[in-house]
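Quick look at structure-v7.tsv (TSV, C-alpha atoms):
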```
chain	number	residue	atom	x	y	z
A	139	MET	CA	22.56	4.85	-11.37
A	140	LYS	CA	21.54	1.59	-13.03
A	141	ARG	CA	19.49	-0.71	-10.83
A	142	LEU	CA	20.10	-4.39	-11.45
A	143	VAL	CA	17.47	-5.81	-9.14
A	144	ASP	CA	14.84	-4.32	-6.88
A	145	PRO	CA	14.77	-6.51	-3.75
A	146	ARG	CA	11.34	-5.18	-2.81
A	147	ILE	CA	9.76	-7.54	-5.34
A	148	GLU	CA	11.01	-10.56	-3.40
A	149	ALA	CA	10.08	-8.89	-0.12
A	150	ILE	CA	6.50	-8.39	-1.37
A	151	ARG	CA	6.29	-11.98	-2.62
A	152	ASN	CA	7.48	-13.18	0.76
A	153	ARG	CA	5.00	-11.02	2.69
A	154	PHE	CA	2.06	-12.11	0.52
A	155	SER	CA	2.98	-15.80	0.72
A	156	LYS	CA	1.47	-15.72	4.22
A	157	ILE	CA	-1.83	-14.18	3.04
A	158	LYS	CA	-4.47	-16.64	1.81
A	159	HIS	CA	-6.67	-14.21	-0.15
A	160	THR	CA	-6.21	-10.64	-1.32
A	161	VAL	CA	-9.30	-8.69	-2.35
A	162	MET	CA	-8.88	-5.31	-4.02
A	163	ILE	CA	-11.70	-2.80	-4.00
A	164	ALA	CA	-11.50	-0.70	-7.17
A	165	SER	CA	-13.52	2.02	-8.84
A	166	GLY	CA	-13.23	4.09	-11.98
A	167	LYS	CA	-13.96	7.31	-10.09
A	168	GLY	CA	-13.95	8.66	-6.57
A	169	GLY	CA	-16.97	9.15	-4.36
A	170	VAL	CA	-18.60	5.76	-4.92
A	171	GLY	CA	-18.04	4.53	-1.34
A	172	LYS	CA	-15.00	2.36	-1.94
A	173	SER	CA	-13.30	3.08	1.38
A	174	LEU	CA	-16.52	2.52	3.31
A	175	ILE	CA	-17.06	-0.80	1.53
A	176	ALA	CA	-13.44	-1.90	2.10
A	177	SER	CA	-13.59	-0.97	5.79
A	178	THR	CA	-17.00	-2.53	6.46
A	179	LEU	CA	-16.06	-5.66	4.53
A	180	SER	CA	-12.96	-6.04	6.73
A	181	LEU	CA	-15.03	-5.68	9.89
A	182	ILE	CA	-17.62	-8.21	8.72
A	183	LEU	CA	-14.91	-10.73	7.85
A	184	SER	CA	-13.27	-10.18	11.22
A	185	GLN	CA	-16.60	-10.83	12.96
A	186	ARG	CA	-16.64	-14.16	11.15
A	187	ASN	CA	-13.39	-15.13	12.88
A	188	LYS	CA	-11.16	-14.49	9.89
A	189	THR	CA	-7.76	-12.89	10.40
A	190	VAL	CA	-8.12	-9.74	8.35
A	191	GLY	CA	-5.93	-6.88	7.16
A	192	LEU	CA	-7.06	-3.63	5.58
A	193	LEU	CA	-4.61	-1.70	3.43
A	194	ASP	CA	-5.47	1.77	2.20
A	195	LEU	CA	-3.41	2.44	-0.92
A	196	ASP	CA	-5.00	5.76	-1.74
A	197	LEU	CA	-1.80	7.82	-1.77
A	198	HIS	CA	-3.50	11.19	-2.02
A	199	GLY	CA	-6.65	10.76	0.00
A	200	PRO	CA	-6.18	7.99	2.58
A	201	VAL	CA	-9.16	7.89	4.96
A	202	THR	CA	-9.46	4.40	6.43
A	203	HIS	CA	-7.25	5.32	9.41
A	204	VAL	CA	-9.70	8.17	10.11
A	205	LEU	CA	-12.62	5.79	9.82
A	206	PHE	CA	-10.93	3.46	12.30
A	207	LYS	CA	-10.02	6.41	14.53
A	208	LEU	CA	-6.30	5.73	14.39
A	209	ASP	CA	-3.32	8.05	14.63
A	210	GLU	CA	0.30	7.56	13.66
A	211	ALA	CA	1.40	6.71	17.20
A	212	GLU	CA	-0.34	3.36	16.82
A	213	LEU	CA	1.89	2.21	13.99
A	214	LYS	CA	4.69	0.17	15.56
A	215	GLU	CA	8.17	-0.26	14.16
A	216	SER	CA	10.08	-3.52	14.28
A	217	LYS	CA	13.32	-4.71	12.75
A	218	ASP	CA	11.19	-6.65	10.27
A	219	GLY	CA	9.00	-3.77	9.13
A	220	LEU	CA	5.98	-1.78	10.24
A	221	ILE	CA	3.34	-3.52	12.35
A	222	PRO	CA	-0.19	-2.27	11.62
A	223	PRO	CA	-2.43	-1.43	14.59
A	224	VAL	CA	-5.42	-3.71	15.22
A	225	VAL	CA	-8.92	-2.27	15.57
A	226	ASN	CA	-11.91	-4.57	16.15
A	227	GLY	CA	-9.78	-7.48	14.99
A	228	VAL	CA	-8.68	-5.76	11.75
A	229	LYS	CA	-5.03	-4.89	11.10
A	230	VAL	CA	-5.10	-1.47	9.48
A	231	MET	CA	-2.37	0.11	7.38
A	232	SER	CA	-2.62	3.43	5.58
A	233	LEU	CA	-0.17	5.97	4.24
A	234	GLY	CA	-2.16	8.41	6.35
A	235	LEU	CA	-0.61	6.83	9.45
A	236	LEU	CA	2.85	7.75	8.16
A	237	ALA	CA	1.98	11.11	6.63
A	238	ARG	CA	0.54	12.53	9.87
A	239	ASN	CA	-2.49	13.87	8.04
A	240	ARG	CA	-0.33	16.11	5.89
A	241	PRO	CA	-0.90	16.39	2.12
A	242	THR	CA	0.93	13.73	0.12
A	243	PRO	CA	1.94	15.37	-3.18
A	244	ILE	CA	3.55	12.26	-4.68
A	245	SER	CA	3.95	12.48	-8.44
A	246	GLY	CA	4.72	10.32	-11.46
A	247	ALA	CA	7.06	7.36	-11.06
A	248	ASN	CA	7.41	8.18	-7.36
A	249	LYS	CA	3.87	6.80	-6.91
A	250	ARG	CA	4.91	3.35	-8.10
A	251	ASP	CA	7.86	3.41	-5.72
A	252	ALA	CA	5.60	4.44	-2.85
A	253	ILE	CA	3.26	1.51	-3.54
A	254	ARG	CA	6.16	-0.95	-3.64
A	255	GLU	CA	7.57	0.49	-0.45
A	256	ILE	CA	4.29	0.16	1.48
A	257	LEU	CA	3.72	-3.39	0.24
A	258	ALA	CA	7.31	-4.37	1.10
A	259	VAL	CA	7.53	-2.72	4.49
A	260	THR	CA	4.19	-3.69	6.07
A	261	ARG	CA	4.34	-6.74	8.29
A	262	TRP	CA	0.97	-8.50	8.11
A	263	ASP	CA	2.24	-11.92	9.15
A	264	SER	CA	-0.42	-14.59	8.49
A	265	LEU	CA	-3.83	-13.42	7.26
A	266	ASP	CA	-6.92	-15.16	5.92
A	267	ILE	CA	-7.83	-12.09	3.88
A	268	LEU	CA	-6.22	-8.77	3.05
A	269	VAL	CA	-8.66	-6.15	1.77
A	270	ILE	CA	-7.01	-3.42	-0.28
A	271	ASP	CA	-8.70	-0.09	-0.78
A	272	LEU	CA	-7.29	1.01	-4.14
A	273	PRO	CA	-7.18	4.66	-5.19
A	274	PRO	CA	-9.92	5.69	-7.63
A	275	GLY	CA	-9.24	5.63	-11.36
A	276	THR	CA	-6.66	3.85	-13.43
A	277	GLY	CA	-3.47	5.69	-12.50
A	278	ASP	CA	0.02	4.52	-11.59
A	279	GLU	CA	-0.96	3.26	-8.14
A	280	VAL	CA	-3.68	0.97	-9.46
A	281	LEU	CA	-1.56	-0.31	-12.34
A	282	GLU	CA	1.41	-1.01	-10.06
A	283	THR	CA	-0.68	-2.78	-7.40
A	284	VAL	CA	-2.49	-4.93	-9.94
A	285	ASN	CA	0.78	-5.81	-11.66
A	286	LEU	CA	2.45	-6.81	-8.40
A	287	LEU	CA	-0.45	-8.77	-6.90
A	288	ARG	CA	-2.40	-9.97	-9.95
A	289	GLU	CA	-1.57	-13.64	-9.64
A	290	LYS	CA	-3.04	-14.15	-6.19
A	291	SER	CA	-5.77	-11.56	-5.89
A	292	SER	CA	-9.42	-10.88	-6.71
A	293	ILE	CA	-10.88	-7.50	-7.58
A	294	ILE	CA	-14.30	-6.14	-6.71
A	295	ALA	CA	-15.26	-3.27	-9.01
A	296	ILE	CA	-17.54	-0.69	-7.45
A	297	THR	CA	-20.03	1.51	-9.26
A	298	THR	CA	-23.12	3.52	-8.41
A	299	PRO	CA	-26.20	3.57	-10.67
A	300	SER	CA	-25.24	7.00	-12.06
A	301	LYS	CA	-24.45	7.08	-15.75
A	302	LEU	CA	-21.07	8.69	-15.11
A	303	SER	CA	-20.08	5.98	-12.66
A	304	ILE	CA	-21.30	3.17	-14.95
A	305	THR	CA	-19.27	4.65	-17.84
A	306	VAL	CA	-15.99	4.80	-15.88
A	307	ALA	CA	-16.66	1.40	-14.30
A	308	SER	CA	-16.96	-0.01	-17.80
A	309	ARG	CA	-13.54	1.40	-18.71
A	310	LEU	CA	-12.03	0.14	-15.45
A	311	ILE	CA	-13.30	-3.39	-16.12
A	312	ASP	CA	-11.88	-3.29	-19.66
A	313	LEU	CA	-8.51	-2.22	-18.30
A	314	LEU	CA	-8.45	-4.87	-15.58
A	315	LYS	CA	-9.39	-7.56	-18.07
A	316	ALA	CA	-6.66	-6.40	-20.45
A	317	MET	CA	-4.21	-6.68	-17.55
A	318	LYS	CA	-5.40	-10.27	-16.97
A	319	ALA	CA	-6.55	-9.41	-13.46
A	320	TYR	CA	-9.22	-11.60	-11.89
A	321	ILE	CA	-12.46	-9.68	-11.30
A	322	ALA	CA	-14.59	-11.38	-8.65
A	323	GLY	CA	-17.52	-9.19	-9.59
A	324	LEU	CA	-19.25	-5.83	-9.79
A	325	LEU	CA	-20.90	-4.33	-6.71
A	326	GLU	CA	-23.40	-1.50	-7.04
A	327	ASN	CA	-23.31	0.98	-4.19
A	328	MET	CA	-25.83	3.76	-3.38
A	329	ALA	CA	-28.31	1.74	-5.43
A	330	TYR	CA	-31.40	2.67	-3.43
A	331	LEU	CA	-32.71	4.54	-0.43
A	332	LYS	CA	-35.32	2.98	1.83
A	333	ILE	CA	-37.53	5.44	3.70
A	334	ASN	CA	-40.53	4.20	5.69
A	335	GLY	CA	-40.74	1.10	3.55
A	336	THR	CA	-40.60	3.03	0.30
A	337	ILE	CA	-37.70	2.38	-2.07
A	338	LEU	CA	-36.28	5.40	-3.87
A	339	TYR	CA	-33.57	5.57	-6.53
A	340	PRO	CA	-31.87	8.96	-6.07
A	341	LEU	CA	-29.05	8.14	-8.47
A	342	GLY	CA	-31.34	6.48	-11.02
A	343	GLU	CA	-32.49	2.90	-11.48
A	344	PRO	CA	-29.68	0.40	-10.79
A	345	LYS	CA	-27.89	-0.57	-14.01
A	346	GLY	CA	-24.95	-2.52	-12.64
A	347	ILE	CA	-26.46	-5.88	-13.51
A	348	GLU	CA	-26.61	-4.86	-17.17
A	349	LEU	CA	-22.98	-3.76	-17.11
A	350	ALA	CA	-21.92	-7.01	-15.42
A	351	ARG	CA	-23.81	-9.00	-18.04
A	352	GLU	CA	-22.25	-6.99	-20.87
A	353	LYS	CA	-18.74	-7.48	-19.44
A	354	ARG	CA	-19.40	-11.13	-18.54
A	355	ILE	CA	-18.50	-10.74	-14.88
A	356	ASN	CA	-20.41	-11.61	-11.70
A	357	TYR	CA	-22.91	-9.14	-10.32
A	358	LEU	CA	-22.38	-9.19	-6.57
A	359	GLY	CA	-25.45	-7.17	-5.62
A	360	LYS	CA	-26.76	-3.78	-4.53
A	361	LEU	CA	-25.93	-1.75	-1.45
A	362	PRO	CA	-28.17	0.99	-0.08
A	363	LEU	CA	-27.61	4.65	0.59
A	364	ASP	CA	-27.86	4.36	4.35
A	365	PRO	CA	-28.71	7.46	6.41
A	366	GLU	CA	-27.35	5.65	9.50
A	367	ILE	CA	-23.79	5.73	8.16
A	368	PRO	CA	-22.66	9.26	9.18
A	369	LYS	CA	-23.72	8.64	12.79
A	370	ALA	CA	-22.10	5.19	12.81
A	371	LEU	CA	-18.86	6.71	11.49
A	372	GLU	CA	-18.86	9.19	14.34
A	373	GLN	CA	-19.35	6.41	16.87
A	374	GLY	CA	-16.55	4.24	15.52
A	375	PRO	CA	-16.03	1.06	13.52
A	376	ARG	CA	-17.92	-1.20	15.92
A	377	LYS	CA	-21.14	0.65	15.10
A	378	LEU	CA	-20.55	0.40	11.37
A	379	VAL	CA	-21.32	-3.32	11.32
A	380	ASP	CA	-24.76	-2.69	12.89
A	381	THR	CA	-26.01	-0.62	9.95
A	382	MET	CA	-28.36	-1.70	7.17
A	383	PHE	CA	-25.48	-1.05	4.78
A	384	ALA	CA	-23.36	-3.63	6.63
A	385	ARG	CA	-26.20	-6.15	6.74
A	386	GLU	CA	-26.56	-5.93	2.97
A	387	LEU	CA	-22.80	-6.12	2.50
A	388	ALA	CA	-22.76	-9.25	4.68
A	389	ARG	CA	-24.96	-10.95	2.07
A	390	VAL	CA	-22.41	-9.99	-0.58
A	391	VAL	CA	-19.67	-11.60	1.52
A	392	GLU	CA	-21.49	-14.92	1.29
A	393	VAL	CA	-21.69	-14.63	-2.49
A	394	LEU	CA	-18.07	-13.50	-2.62
A	395	GLU	CA	-16.63	-16.35	-0.57
A	396	GLY	CA	-17.03	-18.84	-3.39
A	397	LYS	CA	-15.67	-16.42	-5.96
A	398	MET	CA	-12.36	-15.42	-4.41
A	399	ARG	CA	-9.09	-16.57	-5.79
B	629	MET	CA	14.05	0.48	11.62
B	630	HIS	CA	13.70	-2.21	9.01
B	631	GLU	CA	17.30	-2.97	8.04
B	632	TRP	CA	16.77	-6.66	8.81
B	633	SER	CA	13.77	-6.99	6.53
B	634	LEU	CA	15.69	-5.20	3.78
B	635	ALA	CA	18.61	-7.56	4.29
B	636	SER	CA	16.26	-10.53	4.16
B	637	SER	CA	14.80	-9.44	0.82
B	638	ILE	CA	18.29	-8.84	-0.61
B	639	VAL	CA	19.36	-12.34	0.48
B	640	LEU	CA	16.20	-13.93	-0.98
B	641	THR	CA	16.66	-12.05	-4.24
B	642	THR	CA	20.35	-12.93	-4.55
B	643	LYS	CA	19.59	-16.60	-3.88
B	644	LYS	CA	16.86	-16.60	-6.52
B	645	ILE	CA	19.15	-15.06	-9.15
B	646	ALA	CA	21.97	-17.47	-8.29
B	647	GLU	CA	19.59	-20.43	-8.71
B	648	GLU	CA	18.14	-19.11	-11.97
B	649	LYS	CA	21.55	-18.38	-13.50
B	650	LYS	CA	23.16	-21.43	-11.89
B	651	VAL	CA	26.13	-19.43	-10.63
B	652	GLN	CA	28.15	-19.31	-7.43
B	653	VAL	CA	27.98	-15.89	-5.80
B	654	LYS	CA	31.23	-14.34	-4.57
B	655	GLY	CA	29.88	-10.95	-3.62
B	656	VAL	CA	27.04	-8.47	-3.91
B	657	ASP	CA	27.12	-4.72	-4.41
B	658	ILE	CA	24.27	-2.90	-2.72
B	659	VAL	CA	23.28	0.71	-3.23
B	660	VAL	CA	21.41	2.52	-0.49
B	661	GLY	CA	19.60	5.75	-1.25
B	662	GLU	CA	20.37	8.55	1.18
B	663	LEU	CA	16.66	9.30	1.67
B	664	SER	CA	16.15	5.81	3.11
B	665	GLN	CA	18.39	6.76	6.04
B	666	ILE	CA	19.52	3.18	6.48
B	667	ASP	CA	21.94	2.33	9.28
B	668	LEU	CA	24.72	0.89	7.13
B	669	GLU	CA	26.37	-1.04	9.93
B	670	ILE	CA	23.14	-2.77	10.90
B	671	LEU	CA	22.41	-3.56	7.24
B	672	ARG	CA	25.94	-4.95	6.72
B	673	ASP	CA	25.74	-7.10	9.86
B	674	ALA	CA	22.26	-8.33	8.91
B	675	LEU	CA	23.41	-9.23	5.38
B	676	ASN	CA	26.52	-11.08	6.59
B	677	THR	CA	24.48	-12.93	9.22
B	678	LEU	CA	21.64	-13.90	6.89
B	679	PHE	CA	23.89	-14.94	3.98
B	680	LYS	CA	25.83	-17.13	6.41
B	681	GLU	CA	22.97	-18.55	8.47
B	682	GLU	CA	20.28	-18.89	5.81
B	683	LEU	CA	22.42	-19.95	2.85
B	684	GLY	CA	25.78	-20.93	4.32
B	685	TRP	CA	27.50	-18.32	2.12
B	686	SER	CA	30.53	-16.27	3.18
B	687	ILE	CA	30.52	-13.57	0.54
B	688	ASP	CA	31.88	-10.07	0.09
B	689	VAL	CA	29.15	-7.49	0.74
B	690	ARG	CA	29.80	-3.95	-0.46
B	691	ILE	CA	27.45	-1.10	0.28
B	692	GLU	CA	27.53	2.36	-1.21
B	693	VAL	CA	25.26	5.33	-0.62
B	694	GLU	CA	23.65	7.24	-3.46
B	695	LYS	CA	23.21	10.90	-2.56
B	696	ALA	CA	19.67	12.18	-2.65
B	697	LYS	CA	18.72	14.74	-5.24
B	698	LEU	CA	15.30	16.34	-5.32
B	699	LYS	CA	13.83	18.62	-7.93
B	700	CYS	CA	11.18	21.21	-7.38
B	701	ASN	CA	8.49	20.88	-10.06
B	702	THR	CA	7.44	24.49	-9.46
B	703	CYS	CA	10.71	26.43	-9.84
B	704	GLY	CA	13.05	23.71	-11.14
B	705	TYR	CA	15.57	24.03	-8.31
B	706	GLU	CA	17.54	20.85	-7.59
B	707	PHE	CA	18.79	20.25	-4.08
B	708	GLY	CA	20.27	17.67	-1.75
B	709	PHE	CA	18.88	16.13	1.44
B	710	ASN	CA	21.31	18.13	3.56
B	711	GLU	CA	19.65	21.36	2.42
B	712	VAL	CA	16.30	20.27	3.87
B	713	TRP	CA	17.38	18.11	6.82
B	714	LYS	CA	16.63	20.99	9.15
B	715	GLN	CA	12.99	20.88	8.04
B	716	ILE	CA	12.78	17.16	8.93
B	717	LYS	CA	14.30	17.79	12.32
B	718	GLU	CA	11.81	20.55	13.04
B	719	VAL	CA	8.90	18.19	12.41
B	720	PHE	CA	10.15	15.04	14.11
B	721	CYS	CA	13.10	15.63	16.33
B	722	GLN	CA	12.88	18.97	18.08
B	723	ASP	CA	13.34	17.45	21.53
B	724	LEU	CA	16.10	15.10	20.49
B	725	GLU	CA	19.09	14.57	22.79
B	726	PRO	CA	22.52	14.85	21.12
B	727	GLY	CA	23.47	11.56	19.48
B	728	GLU	CA	19.87	10.30	19.30
B	729	GLU	CA	18.63	9.11	15.95
B	730	CYS	CA	16.02	11.31	14.25
B	731	GLU	CA	13.42	8.71	13.30
B	732	ASN	CA	10.95	9.76	10.62
B	733	PRO	CA	8.61	8.04	8.13
B	734	ILE	CA	10.76	8.97	5.11
B	735	HIS	CA	12.98	6.09	6.21
B	736	TYR	CA	10.13	3.70	5.36
B	737	VAL	CA	8.56	5.50	2.40
B	738	PRO	CA	11.04	7.99	0.88
B	739	GLU	CA	8.28	9.34	-1.38
B	740	LEU	CA	6.76	10.93	1.72
B	741	ALA	CA	9.60	13.47	1.64
B	742	SER	CA	7.30	15.94	-0.09
B	743	SER	CA	4.84	15.72	2.83
B	744	PHE	CA	7.44	17.05	5.25
B	745	ILE	CA	9.82	19.20	3.23
B	746	LYS	CA	9.44	22.12	0.90
B	747	CYS	CA	11.66	23.51	-1.83
B	748	PRO	CA	14.34	25.58	-0.05
B	749	LYS	CA	14.13	28.17	-2.82
B	750	CYS	CA	10.41	28.75	-3.49
B	751	GLY	CA	8.66	26.81	-0.69
B	752	SER	CA	6.67	24.50	-2.99
B	753	PRO	CA	5.91	20.95	-1.78
B	754	ASP	CA	5.64	19.69	-5.38
B	755	LEU	CA	8.93	17.79	-5.37
B	756	GLU	CA	10.30	14.93	-7.39
B	757	ILE	CA	12.91	12.47	-6.19
B	758	ILE	CA	15.64	12.34	-8.82
B	759	SER	CA	17.99	10.02	-6.97
B	760	GLY	CA	18.80	8.61	-3.58
B	761	ARG	CA	15.70	6.62	-2.77
B	762	GLY	CA	15.35	2.94	-1.81
B	763	VAL	CA	17.79	0.08	-1.68
B	764	TRP	CA	18.77	-2.10	-4.60
B	765	ILE	CA	21.25	-4.67	-5.82
B	766	LYS	CA	23.66	-2.99	-8.21
B	767	SER	CA	25.59	-6.09	-9.18
B	768	ILE	CA	26.25	-9.67	-8.19
B	769	ARG	CA	29.82	-10.94	-8.50
B	770	VAL	CA	30.09	-14.60	-9.44
B	771	GLY	CA	32.85	-17.18	-9.34
```

Using structure tokens, write down the structure from this file.
Amino acid sequence: MKRLVDPRIEAIRNRFSKIKHTVMIASGKGGVGKSLIASTLSLILSQRNKTVGLLDLDLHGPVTHVLFKLDEAELKESKDGLIPPVVNGVKVMSLGLLARNRPTPISGANKRDAIREILAVTRWDSLDILVIDLPPGTGDEVLETVNLLREKSSIIAITTPSKLSITVASRLIDLLKAMKAYIAGLLENMAYLKINGTILYPLGEPKGIELAREKRINYLGKLPLDPEIPKALEQGPRKLVDTMFARELARVVEVLEGKMR
Amino acid sequence: MHEWSLASSIVLTTKKIAEEKKVQVKGVDIVVGELSQIDLEILRDALNTLFKEELGWSIDVRIEVEKAKLKCNTCGYEFGFNEVWKQIKEVFCQDLEPGEECENPIHYVPELASSFIKCPKCGSPDLEIISGRGVWIKSIRVG
């Protein structure tokens, strides 16, 4: 049946009119620490008395609700949409809360509809910042989200020093630029490991700054491989902000604040 | 249930189109996908209320339901929502009293259907929604 108008577009516009800044965390490939960065960033911003939301748009592998130790019972329904649960001051929404930890085999055009639906149905109310954990790669979900939110959002591209990651990050940046998205900068994760005062580079010497220079975007800094992280994750989100990883990310937040749209 | 937020977005969208096209709206035709499991009476009441209270419009609101059709990407079988409703009930509404509504997340995100139902013929969860998802404005009647 022919669709004249999709009212979700107006619903999304209306929802996002109450959000001052939207920051999307993107990467060309999985496994670069995007969800950890998005989650920790949200917690740091919340500690700084910002009203913060965290939206996990990874349709196939949502994990932020696990990181925040949430289950579906904590997602509340209202006549005006779904109300995300609040953990440590962060409003958290993830498809994982709706999917009850089942697989989400969403294919093709259905992915774009799923993204629109989540953006239209989630009731954030007023926020200073919404952090969006995008799925890895440059598939339908990323294209749809960027298209819908491009005008009012900033993107942080994540890479590691590995050659593979740098290569796909380069392609991601090209794509985002071609889509006229605003890239706040490149952040290099797993850049070094500090053991007893010695700095090691298990994934190779950091090369993100060279990529940022080549692509003419900001280089937001380096984050460490932090052995404290697995234990902090077990203990819950409050512990995450006490890690070296979080302390380094907090420095990035200061750089980022002047660069957000 | 989010019938009121749906109604609000329909009203906002209709208003925007009317302003852009500089037309007076006499009525709107809404299509509701079966997978969305919208309460049509609540949606109709919400639309009439919001058109009247937000815009001062008394217009004719017509709502029709598009039947859901799903296709299995594994065996090609096409089927309706009624064929798999039992599977939804088993997951979400086993202890439901007669007459109680079977609330489930497919109402909010119809694409989640494949997380909770499987092809009735071959059991695959690799399903595609052919029709019957979401809510949209089919046409706007103008004066």

Could you list, as a ChimeraX atom specification, every residue of chain A that has an atom within 8 Å of an atom of chain B, counting all atoms listed in the file? /A:140-146,148-149,215-220,236-237,240-245,248-249,251-252,255-256,259

Just give me the gap between atom CA of A:Ala329 and atom CA of A:Asp364 in Å, one decimal is fine. 10.1 Å

Show me, as lines of an AutoDock Vina configuration file, the centre and edge lengths in Å to one decimal of the axis-aligned box that covers every listed atom of stretch 274-291 of chain A with 4 Å on each side.
```
center_x = -3.7
center_y = -4.2
center_z = -9.7
size_x = 20.4
size_y = 27.8
size_z = 15.5
```

Of the candidates A:Arg261, A:Leu174, A:Ile267, A:Ile296, which shows the shortest atom-to-atom distance to A:Leu378, using all atoms listed in the file? A:Leu174

I want to know what sits within 8 Å of stretch 179-184 of chain A, based on only C-alpha atoms, with residues of the same chain fewer than 3 positions away left out; could you give that as a PDB file with C-alpha atoms, in the coordinates of the input?
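Written file, around01.pdb:
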```pdb
ATOM      1  CA  ILE A 175     -17.060  -0.800   1.530  1.00  0.00           C
ATOM      2  CA  ALA A 176     -13.440  -1.900   2.100  1.00  0.00           C
ATOM      3  CA  ASN A 187     -13.390 -15.130  12.880  1.00  0.00           C
ATOM      4  CA  LYS A 188     -11.160 -14.490   9.890  1.00  0.00           C
ATOM      5  CA  THR A 189      -7.760 -12.890  10.400  1.00  0.00           C
ATOM      6  CA  VAL A 190      -8.120  -9.740   8.350  1.00  0.00           C
ATOM      7  CA  GLY A 191      -5.930  -6.880   7.160  1.00  0.00           C
ATOM      8  CA  LEU A 192      -7.060  -3.630   5.580  1.00  0.00           C
ATOM      9  CA  ASN A 226     -11.910  -4.570  16.150  1.00  0.00           C
ATOM     10  CA  GLY A 227      -9.780  -7.480  14.990  1.00  0.00           C
ATOM     11  CA  VAL A 228      -8.680  -5.760  11.750  1.00  0.00           C
ATOM     12  CA  VAL A 269      -8.660  -6.150   1.770  1.00  0.00           C
ATOM     13  CA  PRO A 375     -16.030   1.060  13.520  1.00  0.00           C
ATOM     14  CA  VAL A 379     -21.320  -3.320  11.320  1.00  0.00           C
ATOM     15  CA  ALA A 384     -23.360  -3.630   6.630  1.00  0.00           C
ATOM     16  CA  LEU A 387     -22.800  -6.120   2.500  1.00  0.00           C
ATOM     17  CA  ALA A 388     -22.760  -9.250   4.680  1.00  0.00           C
ATOM     18  CA  VAL A 391     -19.670 -11.600   1.520  1.00  0.00           C
TER      19      VAL A 391
END
```
